[in-house]
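Quick notes on the structure that follows.
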Amino acid sequence: MDVSESHVFFYPRLLPLVKLDGGSLPMAVRNSEERLSKGGVYLLETGLYLFLWVGANAQQELLSNIFGTPTFSQIDPNMTSLPELDNPFSQRLREIIDSFRSQRSRYMKLMVVKQEDKAELIFKHFLCEDKSASGGASYVDFLCHMHKEIRQLLS
């Protein structure tokens with residue numbers, strides 16, 4: 001991996017997909033489970049995979065625009081590409097996914113992750129600001145530890 005691919009692998013890009021206006025990307029949010037809303041849909045780019053996380057209470061209009069179905073239960077978690085729907089939201093989301101893929105040397109497979117589905121464990125592994133399942137420090141805890149060590153070395 002080059003520097004840009006390593007960067008996104010160690011600190012993935014998490015985008016809330018509420019509004020996809022114009023040519024700009026949505027503002028990325030911090031990689032933490034507490035940033036995920038049950039009513040939202042998020043795109044996580046890891047450099048190896050693209051995850052499309054769907055909250056259990058996502059709006060019907062949003063689900064229809066992305067998946068062509070108005071209910072959470074009808075979303076197929078095994079799909080690896082989004083349906084080509086005739087609406088601006090769907091077209092813009094597919095453009096963003098294609099843009100992310102063109103920036104990487106490897107093809108990033110799309111994984112649809114429904115909230116509280118078994119695939120969510122894999123998705124959560126990439127939320128690097130949370131404590132790990134094995135009890136490791138969170139990103140903020142790590143930064144505080146590094147700051148403390150540097151201050152100790154300087155004094």
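Identifiers in this document derive from the order of the structure tokens: chains are assigned A, B, ..., residues are numbered from 1 separately in each chain, and ligands are numbered from 1 in order of occurrence.
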Counting only C-alpha atoms, what is within 7 Å of region 60-70 of chain A, bar same-chain residues fewer than 2 positions away, as a PyMOL selection string? chain A and resi 58+72+74-75+82-83+87+89-90
Requested write-out: N, CA and C atoms of the selected residues, as a short mmCIF file (atom, residue, chain, number, x, y, z; two decimals), in the first residue's frame:
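Saved file again.cif follows:
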data_model
loop_
_atom_site.label_atom_id
_atom_site.label_comp_id
_atom_site.auth_asym_id
_atom_site.auth_seq_id
_atom_site.Cartn_x
_atom_site.Cartn_y
_atom_site.Cartn_z
N ALA A 58 -33.68 3.50 9.41
CA ALA A 58 -33.41 4.39 8.27
C ALA A 58 -34.72 4.78 7.59
N PHE A 72 -36.50 -1.91 5.73
CA PHE A 72 -35.21 -2.40 6.17
C PHE A 72 -35.10 -3.91 5.99
N GLN A 74 -36.32 -5.87 3.81
CA GLN A 74 -36.22 -6.34 2.42
C GLN A 74 -34.85 -6.10 1.79
N ILE A 75 -33.96 -5.45 2.51
CA ILE A 75 -32.61 -5.19 1.97
C ILE A 75 -31.83 -6.50 1.97
N LEU A 82 -24.87 -1.84 -5.95
CA LEU A 82 -26.16 -1.18 -5.76
C LEU A 82 -26.96 -1.23 -7.04
N PRO A 83 -28.28 -1.32 -6.93
CA PRO A 83 -29.10 -1.29 -8.14
C PRO A 83 -29.03 0.09 -8.79
N ASN A 87 -32.81 7.91 -9.86
CA ASN A 87 -33.01 9.06 -8.99
C ASN A 87 -31.64 9.68 -8.70
N PHE A 89 -30.14 10.69 -6.00
CA PHE A 89 -29.42 10.18 -4.84
C PHE A 89 -28.67 8.91 -5.20
N SER A 90 -29.34 7.98 -5.86
CA SER A 90 -28.73 6.72 -6.26
C SER A 90 -27.57 6.95 -7.22
#
Using only C-alpha atoms, which residues sit within 8 Å of Tyr42 (chain A) once same-chain residues fewer than 4 positions away are excluded, as a PyMOL selection string? chain A and resi 14-17+36+51-54
Report as a PyMOL selection string: the residues of region 19-146 of chain A with a DSSP assignment of helix (DSSP H, G or I), based on the backbone of this structure. chain A and resi 33-35+60-67+72-74+88-102+120-125+139-146
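Those residues that approach region 92-100 of chain A to within 10 Å, counting only C-alpha atoms, are A:Leu17, A:Lys19, A:Leu20, A:Asp21, A:Gly22, A:Gly23, A:Ser24, A:Leu25, A:Leu43, A:Glu45, A:Gly47, A:Leu50, A:Asn65, A:Ile66, A:Ser81, A:Leu82, A:Pro83, A:Glu84, A:Leu85, A:Asn87, A:Pro88, A:Arg104, A:Tyr107, A:Met108, A:Leu110; same-chain residues fewer than 4 positions away are not listed.
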